[in-house]
$ cat entry39.tsv   # TSV, C-alpha atoms
chain	number	residue	atom	x	y	z
P	744	GLU	CA	0.00	0.00	0.00
P	745	SER	CA	2.91	2.37	0.67
P	746	PHE	CA	4.48	1.71	-2.75
P	747	PRO	CA	2.76	4.64	-4.56
P	748	GLN	CA	4.02	7.09	-1.94
P	749	GLU	CA	7.52	5.60	-2.02
P	750	ALA	CA	7.55	5.66	-5.82
P	751	LEU	CA	6.47	9.30	-5.84
P	752	LYS	CA	9.21	10.22	-3.35
P	753	LEU	CA	11.81	8.33	-5.42
P	754	GLN	CA	10.65	10.11	-8.57
P	755	GLU	CA	10.97	13.49	-6.86
P	756	ARG	CA	14.49	12.66	-5.67
P	757	LEU	CA	15.50	11.51	-9.15
P	758	GLU	CA	14.14	14.70	-10.69
P	759	ALA	CA	16.05	16.74	-8.11
P	760	ARG	CA	19.17	14.75	-8.96
P	761	ARG	CA	18.57	15.47	-12.64
P	762	ASP	CA	18.36	19.21	-11.97
P	763	GLU	CA	21.54	19.12	-9.87
P	764	THR	CA	23.47	17.49	-12.73
P	765	SER	CA	22.04	19.45	-15.64
P	766	ASP	CA	25.39	19.41	-17.45
P	767	SER	CA	25.61	15.61	-17.42
P	768	SER	CA	23.64	12.44	-16.89
P	769	TRP	CA	22.12	12.02	-13.43
P	770	LEU	CA	23.45	8.46	-13.45
P	771	GLN	CA	27.00	8.99	-14.72
P	772	LEU	CA	28.77	9.73	-11.44
P	773	TRP	CA	27.05	6.90	-9.59
P	774	TRP	CA	27.71	4.52	-12.48
P	775	ASN	CA	31.41	5.37	-12.68
P	776	GLN	CA	31.96	5.27	-8.92
P	777	GLU	CA	29.85	2.28	-7.89
P	778	GLY	CA	30.40	0.21	-11.03
P	779	TYR	CA	34.10	0.86	-11.57
P	780	LEU	CA	36.12	3.14	-9.31
P	781	LYS	CA	34.97	1.44	-6.10
P	782	TYR	CA	35.47	-2.02	-7.58
P	783	ARG	CA	38.42	-3.51	-5.72
P	784	GLU	CA	39.35	-6.59	-7.74
P	785	PRO	CA	42.15	-6.28	-10.33
P	786	VAL	CA	41.17	-4.51	-13.54
P	787	VAL	CA	42.90	-7.22	-15.56
P	788	ILE	CA	40.25	-9.60	-16.96
P	789	ASN	CA	37.64	-8.35	-14.47
P	790	VAL	CA	37.29	-4.87	-15.98
P	791	SER	CA	39.56	-4.30	-18.99
P	792	TYR	CA	38.48	-5.26	-22.51
P	793	PHE	CA	40.55	-5.97	-25.60
P	794	PHE	CA	40.38	-6.05	-29.40
P	795	ASN	CA	42.50	-7.85	-31.97
P	796	ILE	CA	43.02	-5.19	-34.66
P	797	LYS	CA	42.91	-6.50	-38.23
P	798	HIS	CA	46.37	-7.43	-39.43
P	799	ASP	CA	47.99	-5.29	-42.12
P	800	ASP	CA	49.03	-8.27	-44.23
P	801	GLU	CA	48.79	-6.36	-47.52
P	802	THR	CA	51.46	-3.70	-47.02
P	803	LEU	CA	53.39	-4.78	-43.91
P	804	LYS	CA	56.32	-6.71	-45.33
P	805	ASP	CA	59.70	-7.72	-43.94
P	806	VAL	CA	62.33	-5.01	-44.40
P	807	GLU	CA	65.93	-5.68	-43.42
P	808	GLY	CA	66.81	-3.87	-40.21
P	809	LYS	CA	63.19	-3.00	-39.35
P	810	PRO	CA	61.28	-5.27	-36.96
P	811	LEU	CA	57.66	-5.79	-37.99
P	812	GLY	CA	56.52	-4.73	-34.52
P	813	VAL	CA	58.28	-1.38	-34.93
P	814	MET	CA	56.81	-0.85	-38.38
P	815	ARG	CA	53.28	-1.63	-37.21
P	816	GLY	CA	53.77	0.42	-34.04
P	817	ALA	CA	54.94	3.48	-35.97
P	818	ALA	CA	52.00	3.23	-38.37
P	819	ALA	CA	49.63	2.88	-35.40
P	820	LEU	CA	51.11	6.03	-33.83
P	821	VAL	CA	50.57	7.99	-37.05
P	822	ALA	CA	46.91	6.89	-37.08
P	823	LEU	CA	46.62	7.60	-33.37
P	824	GLY	CA	48.03	11.09	-33.83
P	825	GLN	CA	45.53	11.82	-36.59
P	826	TYR	CA	42.60	10.50	-34.55
P	827	ARG	CA	43.76	12.36	-31.44
P	828	LYS	CA	43.76	15.60	-33.41
P	829	GLN	CA	40.16	14.95	-34.51
P	830	VAL	CA	39.08	14.27	-30.93
P	831	CYS	CA	40.88	17.28	-29.45
P	832	SER	CA	39.55	19.63	-32.13
P	833	GLY	CA	35.98	18.36	-31.83
P	834	LEU	CA	35.91	17.13	-35.44
P	835	THR	CA	35.29	13.47	-34.60
P	836	PRO	CA	32.08	12.31	-36.33
P	837	GLN	CA	29.06	11.81	-34.07
P	838	GLU	CA	28.74	8.21	-32.86
P	839	THR	CA	25.32	6.68	-33.55
P	840	ILE	CA	23.61	3.38	-32.85
P	841	GLY	CA	20.89	1.33	-34.51
P	842	LYS	CA	19.14	1.59	-37.85
P	843	LYS	CA	17.72	4.98	-36.87
P	844	ASN	CA	21.25	6.31	-36.19
P	845	ILE	CA	20.42	7.44	-32.68
P	846	PRO	CA	23.23	9.79	-31.54
P	847	LEU	CA	25.33	8.68	-28.57
P	848	CYS	CA	26.84	10.79	-25.82
P	849	SER	CA	30.37	11.93	-26.70
P	850	THR	CA	31.58	12.43	-23.12
P	851	ALA	CA	33.74	9.28	-23.24
P	852	PHE	CA	36.01	10.79	-25.91
P	853	LYS	CA	37.58	13.22	-23.46
P	854	TYR	CA	38.87	10.27	-21.43
P	855	MET	CA	40.40	8.50	-24.46
P	856	PHE	CA	43.86	10.10	-24.47
P	857	HIS	CA	46.18	11.44	-21.76
P	858	GLY	CA	44.15	9.82	-18.99
P	859	CYS	CA	44.93	7.31	-16.29
P	860	ARG	CA	43.19	5.54	-13.45
P	861	ILE	CA	44.92	6.17	-10.11
P	862	PRO	CA	44.59	3.62	-7.28
P	863	LYS	CA	43.26	4.88	-3.96
P	864	LYS	CA	42.07	3.10	-0.83
P	865	ASP	CA	38.38	2.09	-1.19
P	866	GLN	CA	37.82	4.16	-4.33
P	867	ASP	CA	40.12	4.98	-7.24
P	868	VAL	CA	40.24	8.34	-9.00
P	869	TYR	CA	40.70	9.15	-12.67
P	870	LYS	CA	43.12	11.84	-13.77
P	871	MET	CA	43.18	13.62	-17.13
P	872	TYR	CA	45.93	15.79	-18.58
P	873	ASP	CA	45.52	18.68	-21.02
P	874	PRO	CA	46.43	17.43	-24.54
P	875	SER	CA	47.49	20.97	-25.49
P	876	LEU	CA	50.33	20.66	-22.98
P	877	TYR	CA	51.35	17.02	-23.41
P	878	LYS	CA	52.50	15.63	-26.76
P	879	HIS	CA	54.10	12.35	-25.75
P	880	CYS	CA	53.11	8.71	-25.68
P	881	ILE	CA	54.61	5.93	-23.54
P	882	VAL	CA	56.63	3.15	-25.15
P	883	ALA	CA	57.02	-0.06	-23.14
P	884	VAL	CA	59.91	-2.39	-24.01
P	885	LYS	CA	61.21	-5.31	-21.93
P	886	GLY	CA	59.42	-4.03	-18.82
P	887	GLN	CA	60.87	-0.51	-19.17
P	888	PHE	CA	58.84	2.61	-19.95
P	889	PHE	CA	59.94	5.48	-22.17
P	890	ALA	CA	58.33	8.82	-22.98
P	891	MET	CA	58.45	9.82	-26.66
P	892	ASP	CA	56.83	12.72	-28.48
P	893	PHE	CA	54.69	11.47	-31.37
P	894	VAL	CA	52.98	14.67	-32.57
P	895	ASP	CA	54.61	17.88	-33.77
P	896	ALA	CA	53.64	20.86	-31.61
P	897	GLU	CA	55.19	23.19	-34.22
P	898	ASN	CA	53.05	21.74	-37.01
P	899	ASN	CA	49.54	22.00	-35.55
P	900	ASP	CA	49.89	18.70	-33.66
P	901	GLU	CA	50.22	16.65	-36.82
P	902	PRO	CA	51.74	13.21	-36.15
P	903	LEU	CA	55.47	12.94	-36.69
P	904	LEU	CA	56.75	11.33	-39.87
P	905	LEU	CA	56.52	7.55	-40.05
P	906	GLU	CA	60.32	7.40	-40.40
P	907	SER	CA	60.78	9.58	-37.31
P	908	LEU	CA	58.53	7.37	-35.24
P	909	GLU	CA	60.29	4.22	-36.43
P	910	ALA	CA	63.63	5.75	-35.44
P	911	GLY	CA	62.25	6.73	-32.05
P	912	LEU	CA	60.92	3.22	-31.39
P	913	MET	CA	64.25	1.70	-32.43
P	914	LYS	CA	65.96	4.04	-29.97
P	915	CYS	CA	63.63	2.81	-27.19
P	916	ILE	CA	64.55	-0.79	-28.02
P	917	ALA	CA	68.27	0.02	-28.00
P	918	LEU	CA	68.02	1.72	-24.60
P	919	ALA	CA	65.99	-1.16	-23.19
P	920	GLU	CA	68.58	-3.67	-24.42
P	921	LYS	CA	71.36	-1.59	-22.91
P	922	ASN	CA	69.65	-1.43	-19.51
P	923	ARG	CA	68.24	-4.95	-19.59
P	924	ASN	CA	70.63	-6.55	-17.12
P	925	GLU	CA	70.66	-3.54	-14.83
P	926	HIS	CA	66.85	-3.30	-14.72
P	927	HIS	CA	66.08	-7.02	-14.83
P	928	GLY	CA	63.18	-7.83	-12.52
P	929	LEU	CA	62.26	-4.18	-11.94
P	930	ASP	CA	58.96	-4.59	-13.74
P	931	LEU	CA	56.87	-1.88	-12.11
P	932	GLY	CA	53.99	-2.32	-14.54
P	933	VAL	CA	52.93	-5.64	-13.00
P	934	LEU	CA	51.90	-3.78	-9.85
P	935	THR	CA	48.98	-2.26	-11.77
P	936	ALA	CA	47.49	-5.76	-12.13
P	937	ASP	CA	47.04	-6.22	-8.39
P	938	HIS	CA	44.03	-5.82	-6.11
P	939	ARG	CA	43.19	-2.13	-6.16
P	940	ASP	CA	43.76	-1.47	-2.46
P	941	LYS	CA	47.03	-3.38	-2.56
P	942	TRP	CA	48.15	-1.48	-5.64
P	943	ALA	CA	47.22	1.77	-3.85
P	944	GLU	CA	49.48	0.76	-0.96
P	945	ASN	CA	52.32	-0.17	-3.32
P	946	ARG	CA	51.98	3.09	-5.23
P	947	GLU	CA	52.38	5.01	-1.97
P	948	ARG	CA	55.36	2.78	-1.17
P	949	LEU	CA	56.91	3.65	-4.55
P	950	LEU	CA	56.52	7.34	-3.75
P	951	GLN	CA	58.16	6.84	-0.36
P	952	VAL	CA	61.07	4.97	-1.93
P	953	GLY	CA	61.59	7.32	-4.87
P	954	GLY	CA	60.44	10.66	-3.48
P	955	GLU	CA	60.01	13.58	-5.87
P	956	ALA	CA	61.77	11.74	-8.70
P	957	MET	CA	59.23	8.90	-8.49
P	958	GLU	CA	56.34	11.37	-8.35
P	959	LYS	CA	57.68	13.05	-11.49
P	960	ALA	CA	58.10	9.70	-13.23
P	961	LEU	CA	54.56	8.56	-12.46
P	962	ARG	CA	53.18	11.90	-13.64
P	963	LYS	CA	55.11	11.52	-16.90
P	964	LEU	CA	53.70	8.04	-17.47
P	965	GLU	CA	50.15	8.93	-16.48
P	966	SER	CA	50.09	12.01	-18.73
P	967	GLY	CA	51.12	10.15	-21.88
P	968	ALA	CA	48.51	9.81	-24.62
P	969	ILE	CA	48.60	5.99	-24.57
P	970	VAL	CA	51.02	3.14	-23.89
P	971	LEU	CA	52.53	1.50	-26.98
P	972	CYS	CA	53.82	-1.95	-25.98
P	973	LEU	CA	56.58	-3.49	-28.11
P	974	ASP	CA	56.33	-7.15	-27.14
P	975	ASP	CA	58.77	-9.90	-28.03
P	976	ASP	CA	56.04	-12.49	-28.67
P	977	ASP	CA	54.67	-13.68	-32.01
P	978	PRO	CA	51.14	-14.97	-31.26
P	979	ILE	CA	49.21	-16.44	-34.17
P	980	SER	CA	46.19	-18.42	-32.98
P	981	LEU	CA	43.11	-16.76	-31.51
P	982	ARG	CA	43.97	-18.24	-28.13
P	983	GLN	CA	47.51	-16.89	-28.21
P	984	LEU	CA	46.34	-13.47	-29.37
P	985	SER	CA	43.63	-13.33	-26.71
P	986	ASN	CA	46.01	-14.29	-23.93
P	987	THR	CA	48.50	-11.69	-25.10
P	988	PHE	CA	46.06	-8.83	-25.53
P	989	TRP	CA	43.87	-9.49	-22.50
P	990	HIS	CA	46.42	-10.03	-19.76
P	991	GLY	CA	49.85	-10.63	-21.27
P	992	TYR	CA	51.24	-13.91	-22.61
P	993	ASN	CA	54.64	-15.32	-21.66
P	994	GLU	CA	56.59	-12.22	-20.59
P	995	SER	CA	54.54	-9.59	-22.42
P	996	HIS	CA	52.62	-8.62	-19.27
P	997	ILE	CA	55.67	-6.70	-18.03
P	998	ASN	CA	55.07	-4.19	-20.85
P	999	ARG	CA	51.61	-3.18	-19.61
P	1000	TRP	CA	50.43	-0.31	-17.45
P	1001	PHE	CA	46.90	-1.56	-16.94
P	1002	ASP	CA	45.64	1.73	-15.46
P	1003	LYS	CA	46.24	3.68	-18.67
P	1004	SER	CA	43.20	4.41	-20.82
P	1005	ILE	CA	44.75	2.57	-23.77
P	1006	ASN	CA	47.51	0.01	-24.24
P	1007	LEU	CA	48.33	-0.69	-27.91
P	1008	MET	CA	50.26	-3.95	-28.12
P	1009	CYS	CA	52.59	-4.59	-31.08
P	1010	GLN	CA	53.93	-8.09	-31.54
P	1011	SER	CA	57.19	-9.11	-33.21
P	1012	ASN	CA	55.19	-10.58	-36.13
P	1013	GLY	CA	53.28	-7.33	-36.71
P	1014	LYS	CA	50.06	-8.34	-34.95
P	1015	LEU	CA	48.40	-5.48	-33.09
P	1016	GLY	CA	45.95	-5.42	-30.18
P	1017	PHE	CA	44.05	-2.87	-28.14
P	1018	LEU	CA	43.50	-3.03	-24.37
P	1019	GLY	CA	41.09	-0.54	-22.83
P	1020	GLU	CA	40.67	0.49	-19.19
P	1021	HIS	CA	36.91	0.46	-18.73
P	1022	SER	CA	36.18	2.86	-15.86
P	1023	MET	CA	35.53	5.98	-17.93
P	1024	ALA	CA	34.83	4.69	-21.42
P	1025	ASP	CA	32.80	1.93	-23.02
P	1026	ALA	CA	34.03	0.03	-26.02
P	1027	MET	CA	32.07	1.87	-28.72
P	1028	PRO	CA	34.31	4.97	-28.96
P	1029	ALA	CA	37.31	2.64	-28.91
P	1030	VAL	CA	35.90	0.71	-31.87
P	1031	GLY	CA	36.08	3.85	-33.99
P	1032	LEU	CA	39.73	4.34	-33.06
P	1033	CYS	CA	40.60	0.70	-33.78
P	1034	GLU	CA	38.87	0.84	-37.17
P	1035	PHE	CA	40.81	4.01	-37.98
P	1036	ILE	CA	44.09	2.30	-37.06
P	1037	ALA	CA	43.17	-0.82	-39.06
P	1038	GLU	CA	42.45	1.29	-42.15
P	1039	THR	CA	45.82	3.07	-41.88
P	1040	LYS	CA	48.12	0.87	-43.95
P	1041	TYR	CA	51.87	0.96	-43.52
P	1042	GLY	CA	52.54	0.92	-47.24
P	1043	ASN	CA	50.21	3.85	-47.87
P	1044	LEU	CA	51.99	5.90	-45.21
P	1045	VAL	CA	55.36	5.18	-46.83
P	1046	ASN	CA	54.06	6.26	-50.23
P	1047	THR	CA	52.37	9.44	-49.00
P	1048	SER	CA	54.91	10.48	-46.38
P	1049	ARG	CA	56.05	14.11	-46.42
P	1050	ASP	CA	59.63	15.12	-47.19
P	1051	LYS	CA	61.63	12.32	-45.60
P	1052	SER	CA	64.70	14.56	-45.36
P	1053	SER	CA	62.93	16.38	-42.52
P	1054	ALA	CA	62.60	13.20	-40.48
P	1055	LYS	CA	64.27	13.46	-37.10
P	1056	ILE	CA	64.54	11.12	-34.14
P	1057	PRO	CA	62.18	12.26	-31.39
P	1058	ALA	CA	63.59	12.68	-27.92
P	1059	VAL	CA	63.25	9.57	-25.75
P	1060	GLU	CA	63.23	9.60	-21.96
P	1061	ASN	CA	63.61	6.57	-19.69
P	1062	ILE	CA	60.80	7.43	-17.30
P	1063	PHE	CA	61.95	5.47	-14.26
P	1064	GLY	CA	65.66	5.68	-15.03
P	1065	GLU	CA	66.48	7.89	-12.03
P	1066	VAL	CA	64.64	5.78	-9.46
P	1067	MET	CA	65.36	2.20	-10.49
P	1068	ASP	CA	68.40	1.90	-8.24
P	1069	LEU	CA	66.31	3.03	-5.27
P	1070	VAL	CA	63.64	0.44	-6.04
P	1071	ALA	CA	66.23	-2.33	-6.55
P	1072	LYS	CA	67.78	-1.63	-3.15
P	1073	ASN	CA	64.42	-1.77	-1.36
P	1074	ASP	CA	63.78	-5.41	-0.44
P	1075	GLU	CA	60.15	-4.79	0.48
P	1076	MET	CA	59.40	-3.18	-2.87
P	1077	MET	CA	61.13	-5.94	-4.81
P	1078	SER	CA	59.21	-8.54	-2.82
P	1079	CYS	CA	55.92	-6.86	-3.76
P	1080	ILE	CA	56.84	-6.94	-7.46
P	1081	GLU	CA	57.79	-10.62	-7.37
P	1082	GLU	CA	54.69	-11.55	-5.40
P	1083	CYS	CA	52.46	-9.80	-7.93
P	1084	LYS	CA	54.17	-11.58	-10.82
P	1085	HIS	CA	53.59	-15.01	-9.35
P	1086	GLU	CA	50.04	-14.41	-8.15
P	1087	LYS	CA	48.54	-12.54	-11.08
P	1088	PHE	CA	50.06	-14.04	-14.21
P	1089	LEU	CA	49.56	-17.78	-13.87
P	1090	LEU	CA	46.72	-17.96	-16.43
P	1091	THR	CA	47.57	-20.43	-19.15
P	1092	ASP	CA	44.45	-21.45	-21.09
P	1093	LEU	CA	41.39	-19.51	-22.19
P	1094	ASN	CA	38.71	-20.98	-24.44
P	1095	ILE	CA	37.79	-18.38	-27.05
P	1096	PHE	CA	34.60	-18.64	-29.09
P	1097	CYS	CA	33.66	-16.47	-32.06
P	1098	ILE	CA	30.20	-15.02	-31.39
P	1099	ASP	CA	28.52	-12.75	-33.93
P	1100	ASP	CA	25.33	-10.67	-33.65
P	1101	GLN	CA	23.14	-13.51	-34.98
P	1102	CYS	CA	24.48	-15.89	-32.34
P	1103	ILE	CA	23.90	-13.27	-29.62
P	1104	SER	CA	20.29	-12.81	-30.77
P	1105	HIS	CA	19.72	-16.56	-30.91
P	1106	LEU	CA	21.03	-16.99	-27.36
P	1107	LEU	CA	19.03	-13.94	-26.16
P	1108	ALA	CA	22.33	-12.74	-24.67
P	1109	PHE	CA	22.09	-9.04	-25.36
P	1110	PRO	CA	24.93	-6.86	-24.01
P	1111	ASN	CA	24.04	-5.07	-20.76
P	1112	GLU	CA	20.55	-6.63	-20.88
P	1113	ASN	CA	18.88	-9.17	-18.63
P	1114	SER	CA	16.29	-10.11	-21.26
P	1115	SER	CA	15.56	-9.74	-24.93
P	1116	PRO	CA	14.14	-6.42	-26.16

$ encode --input "entry39.tsv" --output "structure tokens"
Amino acid sequence: ESFPQEALKLQERLEARRDETSDSSWLQLWWNQEGYLKYREPVVINVSYFFNIKHDDETLKDVEGKPLGVMRGAAALVALGQYRKQVCSGLTPQETIGKKNIPLCSTAFKYMFHGCRIPKKDQDVYKMYDPSLYKHCIVAVKGQFFAMDFVDAENNDEPLLLESLEAGLMKCIALAEKNRNEHHGLDLGVLTADHRDKWAENRERLLQVGGEAMEKALRKLESGAIVLCLDDDDPISLRQLSNTFWHGYNESHINRWFDKSINLMCQSNGKLGFLGEHSMADAMPAVGLCEFIAETKYGNLVNTSRDKSSAKIPAVENIFGEVMDLVAKNDEMMSCIEECKHEKFLLTDLNIFCIDDQCISHLLAFPNENSSP
């Protein structure tokens, strides 16, 4: 009997909530906080989603002295730079859904680049950095993280030349090889795969160990547009690709920073994957980016590249270079890294099934629905 009165009161409260959040959805904050930022289990598998981007088997060919992963990674960065410019300038086409082309909210696009989830006790936060001030991406090689500019601030934020980006990625690989023995086992990225409260504790521990230099390093990583992972694996089967792109296969997990909005994962055979952190963006905006990357062919970029004589190697910075010795000398910190490696990356087999829209309809398994429409 009291339901009508309770329903009326709920409706009034929802309308008041709507008026209080007139510049956004009344549900958005609650959805992001309760559904994602307060979720305490690891984001790996439980939250993050991945795509296998169509292979560029038409124009990506072996070239002596150029690893396929570097070639595909450089082409992906060119596409990423072009798409980033569209997003930042507001020229990205309106996303729609269904046969009636119903327009979708574009809020998620502002979280696509230069954003990072930050672990905090009980509830994480999400931090965004102004793309007009930050022009770099993060390159992960052999568990080490480098900052590298990939757009030209002096040329209206156009992406750097393909040849420049290839040279920059090769420089990252050379530096990683040089520091490999010295930095062996100092795989800070694996900490981002831990339980959120535990990762929050370890992040504070990193700041205590490394002080201002560590704070600067984390800010540099978190402000990068995306993480480009240059893995040493060559997955071929759907199972191998899924393991690699979802959580990291063999040793490739050391090249991930799972809190970043986007990890693009380049394999030694030229395969490319996308890993998205889900707290502030659904998959639909990411699909547009992945399609744009897939349509950007390496061979076409070579043929249409601007004056190659102007190609220059972008500056590369080893983000954690100044603090690695401090971390290596801290037994507690090293123990946390090793513990996370052994606990979080023991997955070996995943059964992957190809499900299309007809299969989903037949099974009445509609995304985000409890029943058929």

$ residues_around --input "entry39.tsv" --residues "Lys878 in chain P" --least-positions-apart "4" --cutoff "10 Å" --atoms "only C-alpha atoms" --output "list in words"
Gly824, His857, Asp873, Pro874, Ala890, Met891, Asp892, Phe893, Val894, Asp895, Ala896, Asp900, Pro902, Ser966, Gly967 and Ala968 of chain P

$ axis_aligned_box --input "entry39.tsv" --around "range 871-889 of chain P" --padding-each-side "3 Å" --output "AutoDock Vina command-line options"
--center_x 52.2 --center_y 7.8 --center_z -21.9 --size_x 24.0 --size_y 32.3 --size_z 15.6

$ residues_around --input "entry39.tsv" --residues "Pro862 in chain P" --least-positions-apart "3" --cutoff "9 Å" --atoms "only C-alpha atoms" --output "MDAnalysis selection string"
chainID P and resid 780 865:869 935 939:944 946 1002

$ closest_residue --input "entry39.tsv" --among "P:Gln825, P:Ser985, P:Thr1047, P:Gln1101" --to "Leu903 in chain P" --atoms "all atoms listed in the file"
P:Gln825

$ residues_around --input "entry39.tsv" --residues "range 1029-1033 of chain P" --least-positions-apart "4" --cutoff "12 Å" --atoms "all atoms listed in the file" --output "PyMOL selection string"
chain P and resi 792-798+819-820+822-830+835-839+849+851-856+1004-1007+1015-1021+1023-1025+1037-1039

$ write_last_selection --input "entry39.tsv" --atoms "C-alpha atoms" --output "mmCIF file, keeping the file's coordinate frame"
data_model
loop_
_atom_site.group_PDB
_atom_site.id
_atom_site.type_symbol
_atom_site.label_atom_id
_atom_site.label_comp_id
_atom_site.auth_asym_id
_atom_site.auth_seq_id
_atom_site.Cartn_x
_atom_site.Cartn_y
_atom_site.Cartn_z
ATOM 1 C CA TYR P 792 38.480 -5.260 -22.510
ATOM 2 C CA PHE P 793 40.550 -5.970 -25.600
ATOM 3 C CA PHE P 794 40.380 -6.050 -29.400
ATOM 4 C CA ASN P 795 42.500 -7.850 -31.970
ATOM 5 C CA ILE P 796 43.020 -5.190 -34.660
ATOM 6 C CA LYS P 797 42.910 -6.500 -38.230
ATOM 7 C CA HIS P 798 46.370 -7.430 -39.430
ATOM 8 C CA ALA P 819 49.630 2.880 -35.400
ATOM 9 C CA LEU P 820 51.110 6.030 -33.830
ATOM 10 C CA ALA P 822 46.910 6.890 -37.080
ATOM 11 C CA LEU P 823 46.620 7.600 -33.370
ATOM 12 C CA GLY P 824 48.030 11.090 -33.830
ATOM 13 C CA GLN P 825 45.530 11.820 -36.590
ATOM 14 C CA TYR P 826 42.600 10.500 -34.550
ATOM 15 C CA ARG P 827 43.760 12.360 -31.440
ATOM 16 C CA LYS P 828 43.760 15.600 -33.410
ATOM 17 C CA GLN P 829 40.160 14.950 -34.510
ATOM 18 C CA VAL P 830 39.080 14.270 -30.930
ATOM 19 C CA THR P 835 35.290 13.470 -34.600
ATOM 20 C CA PRO P 836 32.080 12.310 -36.330
ATOM 21 C CA GLN P 837 29.060 11.810 -34.070
ATOM 22 C CA GLU P 838 28.740 8.210 -32.860
ATOM 23 C CA THR P 839 25.320 6.680 -33.550
ATOM 24 C CA SER P 849 30.370 11.930 -26.700
ATOM 25 C CA ALA P 851 33.740 9.280 -23.240
ATOM 26 C CA PHE P 852 36.010 10.790 -25.910
ATOM 27 C CA LYS P 853 37.580 13.220 -23.460
ATOM 28 C CA TYR P 854 38.870 10.270 -21.430
ATOM 29 C CA MET P 855 40.400 8.500 -24.460
ATOM 30 C CA PHE P 856 43.860 10.100 -24.470
ATOM 31 C CA SER P 1004 43.200 4.410 -20.820
ATOM 32 C CA ILE P 1005 44.750 2.570 -23.770
ATOM 33 C CA ASN P 1006 47.510 0.010 -24.240
ATOM 34 C CA LEU P 1007 48.330 -0.690 -27.910
ATOM 35 C CA LEU P 1015 48.400 -5.480 -33.090
ATOM 36 C CA GLY P 1016 45.950 -5.420 -30.180
ATOM 37 C CA PHE P 1017 44.050 -2.870 -28.140
ATOM 38 C CA LEU P 1018 43.500 -3.030 -24.370
ATOM 39 C CA GLY P 1019 41.090 -0.540 -22.830
ATOM 40 C CA GLU P 1020 40.670 0.490 -19.190
ATOM 41 C CA HIS P 1021 36.910 0.460 -18.730
ATOM 42 C CA MET P 1023 35.530 5.980 -17.930
ATOM 43 C CA ALA P 1024 34.830 4.690 -21.420
ATOM 44 C CA ASP P 1025 32.800 1.930 -23.020
ATOM 45 C CA ALA P 1037 43.170 -0.820 -39.060
ATOM 46 C CA GLU P 1038 42.450 1.290 -42.150
ATOM 47 C CA THR P 1039 45.820 3.070 -41.880
#

$ atom_distance --input "entry39.tsv" --atom1 "CA of Leu757 in chain P" --atom2 "CA of Thr850 in chain P"
21.3 Å
